[in-house]
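Read through the structure below, which is laid out as structure tokens, and then see the notes.
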Amino acid sequence: MKDVKHKRVRLVILTKLQWAIASRTLLHAAMFLFAAGMLGLIGQYVSDPYAGFRANLAACWENSAPTLLALFCMLPIFVRDMLRFSNRVAGPIYRLTMTMQRHADGEENVPDLKFRDGDLCDEVPDTFNRMIRRLKQSTPSDTDADRVLADVRELVEV
């Protein structure tokens, strides 16, 4: 049921979820940069164990700096990509939440839930829409509710 053709306007729709993913991406990248630097320093020590700390650190920096700087410069690209990717999950969650809220508020003529092309969890709209149709069919009428309420009052009075 992926026939909503609108382009995404907002990069971040569920702030808490998407920034948690982005910060996790930054944490992993920082850990990777630290590990790469440490491995480079260890490798430098193995190749020249008697050069001393400063000389090995300088040699490690000379050998590894371009790669580490390139990775560091790519961090904003990684974060933006994670935000765009997480939007493919956050957008459907947001749409589902808003549609459920409209139903819960008793709004009439709520359109069927639809996700955009490329959204993940693409089986959710069909299942949700079937559930809503089933609930609407099985909902007792007001007269049935009045009858049940009268029966309950009768039982309480006894």
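Numbering starts fresh at 1 for the residues of each chain in the structure tokens, the chains themselves are lettered A, B, ... in the order given, and ligands are numbered from 1 as they appear.
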Distance query Leu14 in chain A at most 10 Å, only C-alpha atoms, self and fewer than 3 positions along chain excluded, as a ChimeraX atom specification
/A:11,17-19,86-87,89-91,93-94
Please produce a file of the residues just selected, as a compact mmCIF listing (two decimals), in the first residue's frame, where the atoms kept are all heavy atoms.
```
# COMPACT_ATOMS: atom_id res chain seq x y z
N LEU A 11 13.76 16.28 7.75
CA LEU A 11 14.75 15.24 7.94
C LEU A 11 14.53 14.53 9.28
O LEU A 11 14.71 13.32 9.40
CB LEU A 11 16.16 15.84 7.90
CG LEU A 11 17.33 14.89 8.02
CD1 LEU A 11 17.35 13.90 6.87
CD2 LEU A 11 18.64 15.67 8.06
N LEU A 17 13.98 9.65 18.89
CA LEU A 17 14.45 8.43 18.22
C LEU A 17 15.59 8.73 17.26
O LEU A 17 16.65 8.09 17.32
CB LEU A 17 13.30 7.77 17.45
CG LEU A 17 13.68 6.63 16.52
CD1 LEU A 17 14.10 5.41 17.32
CD2 LEU A 17 12.54 6.29 15.60
N GLN A 18 15.40 9.70 16.39
CA GLN A 18 16.39 9.92 15.33
C GLN A 18 17.70 10.50 15.86
O GLN A 18 18.76 10.12 15.39
CB GLN A 18 15.79 10.81 14.25
CG GLN A 18 14.74 10.07 13.45
CD GLN A 18 14.16 10.91 12.35
OE1 GLN A 18 13.18 11.61 12.56
NE2 GLN A 18 14.79 10.87 11.20
N TRP A 19 17.64 11.39 16.86
CA TRP A 19 18.89 11.91 17.40
C TRP A 19 19.60 10.87 18.26
O TRP A 19 20.82 10.88 18.38
CB TRP A 19 18.67 13.22 18.15
CG TRP A 19 18.51 14.36 17.20
CD1 TRP A 19 17.40 15.10 16.99
CD2 TRP A 19 19.49 14.85 16.26
NE1 TRP A 19 17.62 16.03 15.99
CE2 TRP A 19 18.89 15.90 15.54
CE3 TRP A 19 20.80 14.51 15.97
CZ2 TRP A 19 19.57 16.61 14.54
CZ3 TRP A 19 21.47 15.22 14.98
CH2 TRP A 19 20.85 16.25 14.29
N SER A 86 16.84 6.74 9.22
CA SER A 86 15.92 6.57 10.34
C SER A 86 14.57 7.22 10.06
O SER A 86 13.55 6.83 10.63
CB SER A 86 16.53 7.14 11.63
OG SER A 86 16.67 8.55 11.55
N ASN A 87 14.53 8.19 9.14
CA ASN A 87 13.26 8.81 8.76
C ASN A 87 12.36 7.78 8.09
O ASN A 87 11.14 7.89 8.14
CB ASN A 87 13.52 10.00 7.83
CG ASN A 87 12.33 10.90 7.71
OD1 ASN A 87 11.24 10.46 7.38
ND2 ASN A 87 12.54 12.17 7.95
N VAL A 89 11.87 4.91 9.10
CA VAL A 89 11.19 4.21 10.20
C VAL A 89 10.37 5.21 11.02
O VAL A 89 9.23 4.95 11.36
CB VAL A 89 12.21 3.48 11.11
CG1 VAL A 89 11.52 2.87 12.30
CG2 VAL A 89 12.97 2.43 10.32
N ALA A 90 10.98 6.36 11.31
CA ALA A 90 10.31 7.35 12.15
C ALA A 90 9.07 7.92 11.47
O ALA A 90 8.05 8.16 12.13
CB ALA A 90 11.28 8.48 12.49
N GLY A 91 9.13 8.13 10.16
CA GLY A 91 7.97 8.65 9.43
C GLY A 91 6.76 7.74 9.56
O GLY A 91 5.66 8.19 9.92
N ILE A 93 6.18 5.50 11.88
CA ILE A 93 5.74 5.49 13.28
C ILE A 93 4.91 6.75 13.56
O ILE A 93 3.87 6.70 14.22
CB ILE A 93 6.94 5.40 14.25
CG1 ILE A 93 7.60 4.03 14.14
CG2 ILE A 93 6.51 5.68 15.68
CD1 ILE A 93 8.91 3.91 14.89
N TYR A 94 5.37 7.88 13.06
CA TYR A 94 4.65 9.14 13.25
C TYR A 94 3.27 9.08 12.60
O TYR A 94 2.27 9.45 13.21
CB TYR A 94 5.48 10.29 12.67
CG TYR A 94 4.81 11.63 12.80
CD1 TYR A 94 4.82 12.32 14.01
CD2 TYR A 94 4.17 12.21 11.72
CE1 TYR A 94 4.21 13.54 14.13
CE2 TYR A 94 3.55 13.43 11.83
CZ TYR A 94 3.57 14.10 13.04
OH TYR A 94 2.95 15.32 13.15
```
Within range 46-132 of chain A, find each residue whose DSSP state, derived from the backbone, is helix (DSSP H, G or I), and express the selection as an MDAnalysis selection string.
chainID A and resid 46:47 53:73 75:104 124:132
I want to know what sits within 10 Å of Ala58 in chain A, based on only C-alpha atoms, with residues of the same chain fewer than 5 positions away left out; could you give that as an MDAnalysis selection string?
chainID A and resid 41 44 53 63:65
Need to verify the contact set: range 26-39 of chain A, 7 Å, only C-alpha atoms, exclusion of same-chain residues closer than 4 positions in sequence. Can you return it as a ChimeraX atom specification?
/A:22,43,68
